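The structure file protein.tsv is reproduced below (TSV, C-alpha atoms).
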```
chain	number	residue	atom	x	y	z
A	1	MET	CA	0.00	0.00	0.00
A	2	MET	CA	1.31	3.40	-0.93
A	3	PRO	CA	1.99	5.99	1.80
A	4	GLY	CA	-0.77	8.26	0.47
A	5	GLN	CA	-3.30	5.48	0.64
A	6	THR	CA	-2.27	4.71	4.20
A	7	LYS	CA	-3.00	8.28	5.30
A	8	PHE	CA	-6.39	8.21	3.57
A	9	TRP	CA	-7.48	5.10	5.31
A	10	ALA	CA	-6.18	6.30	8.65
A	11	ALA	CA	-8.22	9.48	8.39
A	12	ALA	CA	-11.34	7.48	7.49
A	13	VAL	CA	-10.90	5.25	10.47
A	14	THR	CA	-10.43	8.22	12.82
A	15	LEU	CA	-13.62	9.85	11.52
A	16	ALA	CA	-15.61	6.67	11.96
A	17	LEU	CA	-14.38	6.16	15.50
A	18	SER	CA	-15.17	9.74	16.51
A	19	ALA	CA	-18.77	9.46	15.19
A	20	ALA	CA	-19.51	6.17	16.94
A	21	PRO	CA	-17.26	5.77	19.99
A	22	ALA	CA	-19.14	2.74	21.27
A	23	ALA	CA	-18.78	0.86	18.01
A	24	TRP	CA	-15.79	-1.20	16.94
A	25	ALA	CA	-14.56	-0.86	13.42
A	26	GLN	CA	-12.66	-3.59	11.60
A	27	VAL	CA	-10.28	-2.25	9.01
A	28	THR	CA	-7.89	-4.33	6.95
A	29	THR	CA	-4.54	-2.59	6.68
A	30	ASP	CA	-0.88	-3.23	7.44
A	31	ASP	CA	0.98	-2.68	10.67
A	32	SER	CA	2.51	0.58	9.56
A	33	ALA	CA	-0.91	2.13	9.05
A	34	LEU	CA	-2.15	0.98	12.43
A	35	SER	CA	0.88	2.34	14.19
A	36	ALA	CA	0.24	5.72	12.64
A	37	LEU	CA	-3.31	5.95	14.07
A	38	LYS	CA	-3.98	8.15	17.07
A	39	PRO	CA	-6.02	6.83	19.95
A	40	ALA	CA	-9.72	7.58	19.64
A	41	THR	CA	-11.01	10.45	21.68
A	42	PRO	CA	-14.17	9.55	23.66
A	43	ALA	CA	-17.23	11.58	22.78
A	44	THR	CA	-18.27	14.23	25.24
A	45	PRO	CA	-21.84	14.04	26.52
A	46	ALA	CA	-24.26	16.47	25.02
A	47	THR	CA	-24.89	19.54	27.16
A	48	SER	CA	-27.84	21.83	27.15
A	49	ALA	CA	-27.35	24.47	24.58
A	50	THR	CA	-27.24	28.01	25.80
A	51	PRO	CA	-30.19	29.85	24.37
A	52	ALA	CA	-29.28	32.34	21.78
A	53	PRO	CA	-29.87	35.93	22.72
A	54	ALA	CA	-33.08	37.41	21.48
A	55	SER	CA	-32.70	39.13	18.19
A	56	THR	CA	-33.23	42.85	18.13
A	57	ASP	CA	-34.19	42.78	14.49
A	58	PRO	CA	-37.90	43.80	14.22
A	59	ALA	CA	-38.19	41.70	11.07
A	60	ALA	CA	-37.09	38.54	12.89
A	61	PRO	CA	-39.95	36.07	13.54
A	62	VAL	CA	-41.30	36.06	17.05
A	63	ALA	CA	-40.82	32.74	18.81
A	64	ALA	CA	-43.99	31.08	19.98
A	65	LYS	CA	-44.54	31.67	23.65
A	66	LYS	CA	-45.16	28.55	25.61
A	67	LEU	CA	-48.28	29.07	27.69
A	68	PRO	CA	-48.64	27.47	31.08
A	69	VAL	CA	-50.85	24.45	31.18
A	70	HIS	CA	-53.71	24.70	33.67
A	71	HIS	CA	-55.03	21.40	34.83
A	72	LYS	CA	-58.79	21.45	35.37
A	73	THR	CA	-59.84	20.00	38.68
A	74	THR	CA	-62.78	17.68	38.30
A	75	HIS	CA	-65.16	17.40	41.23
A	76	ALA	CA	-67.55	14.55	41.49
A	77	ALA	CA	-71.22	15.57	41.36
A	78	PRO	CA	-73.08	15.06	44.62
A	79	ALA	CA	-75.44	12.17	44.70
A	80	VAL	CA	-79.08	13.18	44.16
A	81	ALA	CA	-81.87	11.08	45.54
A	82	PRO	CA	-84.40	9.93	42.94
A	83	PRO	CA	-87.77	11.76	43.01
A	84	THR	CA	-90.55	10.21	44.99
A	85	MET	CA	-93.66	9.52	42.98
A	86	PRO	CA	-96.94	10.41	44.75
A	87	ARG	CA	-99.30	7.55	45.46
A	88	VAL	CA	-102.34	9.58	44.36
A	89	ALA	CA	-102.53	11.77	41.28
A	90	PRO	CA	-102.86	15.48	42.10
A	91	ALA	CA	-106.18	17.17	41.50
A	92	ASN	CA	-106.70	19.10	38.31
A	93	PRO	CA	-105.89	22.80	38.74
A	94	VAL	CA	-108.80	25.19	38.71
A	95	ILE	CA	-108.16	28.48	36.95
A	96	LEU	CA	-110.52	31.19	38.10
A	97	PRO	CA	-111.13	34.29	36.01
A	98	PRO	CA	-109.89	37.55	37.51
A	99	SER	CA	-112.45	39.45	39.46
A	100	PHE	CA	-113.79	42.42	37.59
A	101	VAL	CA	-116.05	45.02	39.06
A	102	MET	CA	-117.80	47.28	36.61
A	103	PRO	CA	-117.68	50.81	37.97
A	104	ALA	CA	-121.12	52.25	38.41
A	105	HIS	CA	-121.56	55.43	36.43
A	106	PRO	CA	-124.98	57.05	36.56
A	107	ALA	CA	-126.57	57.60	33.22
A	108	PRO	CA	-126.66	61.21	32.14
A	109	PRO	CA	-130.10	62.76	32.57
A	110	PRO	CA	-132.16	63.37	29.46
A	111	PRO	CA	-132.60	66.94	28.29
A	112	ALA	CA	-135.28	68.92	29.99
A	113	VAL	CA	-138.66	68.91	28.27
A	114	PRO	CA	-139.65	72.44	27.29
A	115	LEU	CA	-143.11	73.52	28.39
A	116	LYS	CA	-145.57	74.94	25.93
A	117	PRO	CA	-148.31	76.95	27.70
A	118	ASP	CA	-150.59	76.82	24.67
A	119	ALA	CA	-150.22	73.04	24.17
A	120	LEU	CA	-153.43	71.05	24.43
A	121	GLY	CA	-153.54	68.52	27.26
A	122	SER	CA	-154.59	67.86	30.84
A	123	ALA	CA	-153.61	65.86	33.95
A	124	THR	CA	-156.14	63.92	36.03
A	125	ALA	CA	-155.55	62.05	39.28
A	126	THR	CA	-156.48	58.34	39.31
A	127	PRO	CA	-156.67	55.82	42.16
A	128	THR	CA	-153.28	54.45	41.11
A	129	GLY	CA	-151.56	57.63	39.95
A	130	GLN	CA	-152.16	60.16	37.13
A	131	ARG	CA	-153.51	60.20	33.59
A	132	LEU	CA	-152.11	62.71	31.13
A	133	VAL	CA	-154.09	63.48	27.98
A	134	PHE	CA	-152.10	64.97	25.06
A	135	GLY	CA	-153.21	67.00	22.07
A	136	PRO	CA	-153.63	65.25	18.71
A	137	ASP	CA	-150.29	64.30	17.10
A	138	SER	CA	-148.42	66.01	19.95
A	139	ALA	CA	-146.10	65.03	22.84
A	140	ASP	CA	-145.82	68.55	24.28
A	141	LEU	CA	-146.38	69.27	27.98
A	142	ASN	CA	-148.21	72.29	29.35
A	143	PRO	CA	-148.01	73.61	32.97
A	144	ALA	CA	-151.08	71.62	34.06
A	145	MET	CA	-149.57	68.38	32.82
A	146	LEU	CA	-146.23	69.20	34.51
A	147	ALA	CA	-148.09	69.80	37.80
A	148	GLY	CA	-149.61	66.31	37.57
A	149	LEU	CA	-146.11	64.81	37.01
A	150	GLN	CA	-144.72	66.74	39.98
A	151	THR	CA	-147.49	65.30	42.17
A	152	ILE	CA	-146.35	61.78	41.18
A	153	ALA	CA	-142.69	62.75	41.85
A	154	ALA	CA	-143.58	63.91	45.39
A	155	GLN	CA	-145.25	60.57	46.13
A	156	LEU	CA	-142.22	58.64	44.88
A	157	GLN	CA	-139.83	60.79	46.90
A	158	ALA	CA	-141.88	60.19	50.05
A	159	ASN	CA	-141.52	56.42	49.64
A	160	PRO	CA	-138.24	55.28	48.03
A	161	ALA	CA	-139.60	51.72	47.76
A	162	LEU	CA	-142.16	52.74	45.13
A	163	THR	CA	-141.70	52.61	41.36
A	164	LEU	CA	-143.72	54.02	38.48
A	165	SER	CA	-145.03	52.52	35.26
A	166	ILE	CA	-145.55	54.93	32.35
A	167	THR	CA	-147.69	53.48	29.55
A	168	ALA	CA	-148.33	55.77	26.56
A	169	PHE	CA	-150.81	55.31	23.69
A	170	ALA	CA	-151.51	57.01	20.36
A	171	PRO	CA	-154.21	56.53	17.68
A	172	GLY	CA	-153.43	55.23	14.22
A	173	VAL	CA	-154.38	52.69	11.58
A	174	PRO	CA	-153.70	48.98	11.91
A	175	GLN	CA	-152.27	48.87	8.40
A	176	ASP	CA	-149.36	51.13	9.51
A	177	PRO	CA	-148.85	51.02	13.30
A	178	SER	CA	-145.38	52.58	13.20
A	179	PRO	CA	-146.46	56.27	13.42
A	180	ALA	CA	-148.66	55.51	16.47
A	181	ARG	CA	-145.79	53.62	18.14
A	182	ARG	CA	-143.34	56.46	17.57
A	183	LEU	CA	-145.78	59.09	18.89
A	184	SER	CA	-146.57	57.05	22.00
A	185	LEU	CA	-142.83	56.60	22.62
A	186	SER	CA	-142.29	60.36	22.48
A	187	ARG	CA	-145.08	60.87	25.04
A	188	ALA	CA	-143.67	58.22	27.42
A	189	LEU	CA	-140.16	59.68	27.20
A	190	ALA	CA	-141.46	63.22	27.83
A	191	CYS	CA	-143.12	62.09	31.06
A	192	ARG	CA	-140.00	60.16	32.12
A	193	ALA	CA	-137.69	63.13	31.46
A	194	ALA	CA	-139.90	65.48	33.49
A	195	LEU	CA	-139.87	63.05	36.45
A	196	ILE	CA	-136.06	62.62	36.30
A	197	HIS	CA	-135.59	66.39	36.40
A	198	ALA	CA	-138.00	66.42	39.37
A	199	GLY	CA	-135.53	64.24	41.32
A	200	ILE	CA	-136.60	60.64	40.56
A	201	VAL	CA	-133.83	58.25	39.47
A	202	SER	CA	-134.34	56.49	36.16
A	203	ASP	CA	-134.11	53.01	37.74
A	204	ARG	CA	-137.54	53.58	39.32
A	205	LEU	CA	-139.27	54.54	36.09
A	206	TYR	CA	-140.52	52.03	33.50
A	207	ALA	CA	-141.67	53.60	30.23
A	208	ARG	CA	-143.58	51.62	27.58
A	209	ALA	CA	-144.81	52.76	24.15
A	210	GLN	CA	-147.98	50.82	23.27
A	211	GLY	CA	-149.15	52.70	20.21
A	212	LEU	CA	-152.43	51.09	19.13
A	213	ASN	CA	-152.05	48.04	21.38
A	214	GLY	CA	-154.63	48.01	24.20
A	215	ILE	CA	-155.84	51.52	23.45
A	216	GLY	CA	-159.43	50.63	24.43
A	217	THR	CA	-162.26	53.14	24.60
A	218	ASP	CA	-160.44	55.67	26.79
A	219	PRO	CA	-158.88	58.78	25.25
A	220	ALA	CA	-156.49	57.56	22.58
A	221	ASP	CA	-153.92	60.35	23.13
A	222	ARG	CA	-152.96	59.54	26.69
A	223	ALA	CA	-150.27	58.31	29.12
A	224	ASP	CA	-151.25	56.33	32.22
A	225	LEU	CA	-148.90	56.68	35.20
A	226	VAL	CA	-149.37	53.88	37.73
A	227	ILE	CA	-147.52	53.75	41.05
A	228	LEU	CA	-146.21	50.25	41.77
A	229	GLY	CA	-144.93	48.51	44.91
A	230	ALA	CA	-141.43	48.08	46.27
A	231	THR	CA	-138.46	47.78	43.94
A	232	LYS	CA	-136.80	44.40	43.55
```
Could you render the structure from this file as structure tokens?
Amino acid sequence: MMPGQTKFWAAAVTLALSAAPAAWAQVTTDDSALSALKPATPATPATSATPAPASTDPAAPVAAKKLPVHHKTTHAAPAVAPPTMPRVAPANPVILPPSFVMPAHPAPPPPAVPLKPDALGSATATPTGQRLVFGPDSADLNPAMLAGLQTIAAQLQANPALTLSITAFAPGVPQDPSPARRLSLSRALACRAALIHAGIVSDRLYARAQGLNGIGTDPADRADLVILGATK
């Protein structure tokens, strides 16, 4: 083997021994090459590398910061007793409507009935009250008729338990009873309005417009005022 080849192989052996100190290499060479080899240097154990100083370059990438790991503490849920089933089914709920009280507002009084001194008509006392006779095709009241209504109002005021029935009539033809019904209604409402303005509450007055019904042989243009018993 040439001297140059001996040096080449010696260098190769040294490199192999330094890379794997625990391994044994078998090399075929002559005694002169082996005598020229240097003893292998044992490998030094790896040490922790010193961290490189942080770069001051703003363009350098920022190293990922290692966040602390928080371990979640798991607590066991407390034992819950199973629900107890009732032996008897509960009764059905009863939903009651809310109580509602309608406020009582008195009805406004009707307009006052104007008196006509020249209107035909009269007022006559009866065993049960008063009878007012009106002029033909008229529901006007004159002072005499108003005096008869005020007499009835005084009797009602003296006894609050009494009520009054006002039944008005008017003549007409059976083929068209509507005009007679409307005229009798105007007469009943005129008497009622006069009594309300005399101080009698409307709840004690019952007005009815009969028209031709039950007119009988008495004066057709009339209103019968009958005092009744105690209120219900």
Nearest to Leu141 in chain A, chosen from A:Leu96, A:Ala107, A:Leu212, A:Ala190, with all atoms listed in the file counted in the distances
A:Ala190
Have a look at CA of Thr151 in chain A and CA of Ala220 in chain A and let me know their distance in Å, one decimal.
22.9 Å
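Note that CA of His105 in chain A and CA of Ser165 in chain A are 23.7 Å apart.
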Draw an axis-aligned box over all listed atoms of range 128-147 of chain A, pad each side with 6 Å, and write its centre and edge lengths in Å, one decimal, as AutoDock Vina command-line options.
```
--center_x -150.0 --center_y 64.0 --center_z 29.1 --size_x 20.3 --size_y 31.2 --size_z 36.0
```
Of A:Asp140, A:Asp224, A:Asp176, A:Asp203, the one sitting nearest Lys116 in chain A when using all atoms listed in the file is A:Asp140
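A cut-off of 7 Å from the point (-150.4, 55.7, 25.8), with all atoms listed in the file, picks out the residues A:Thr167, A:Ala168, A:Phe169, A:Ala170, A:Ser184, A:Ala209, A:Gln210, A:Gly211, A:Asp221, A:Arg222, A:Ala223, A:Asp224.
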For CA of Gly135 in chain A and CA of Ala119 in chain A, the interatomic separation in Å (one decimal):
7.1 Å
Please check which residues have atoms at most 8 Å from (-148.8, 56.8, 15.4) in the file's coordinates, counting all atoms listed in the file, and write them as a ChimeraX atom specification.
/A:137,170-173,177-184,211-212
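With only C-alpha atoms as the atoms that count, the minimum distance from Ala161 in chain A to the choices A:Pro109, A:Pro127, A:Gly229, A:Pro98 is reached by A:Gly229.
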My list of candidates is A:Val94, A:Leu162, A:Leu185, A:Val133. Which is closest to Ile200 in chain A when distances are computed with all atoms listed in the file?
A:Leu162
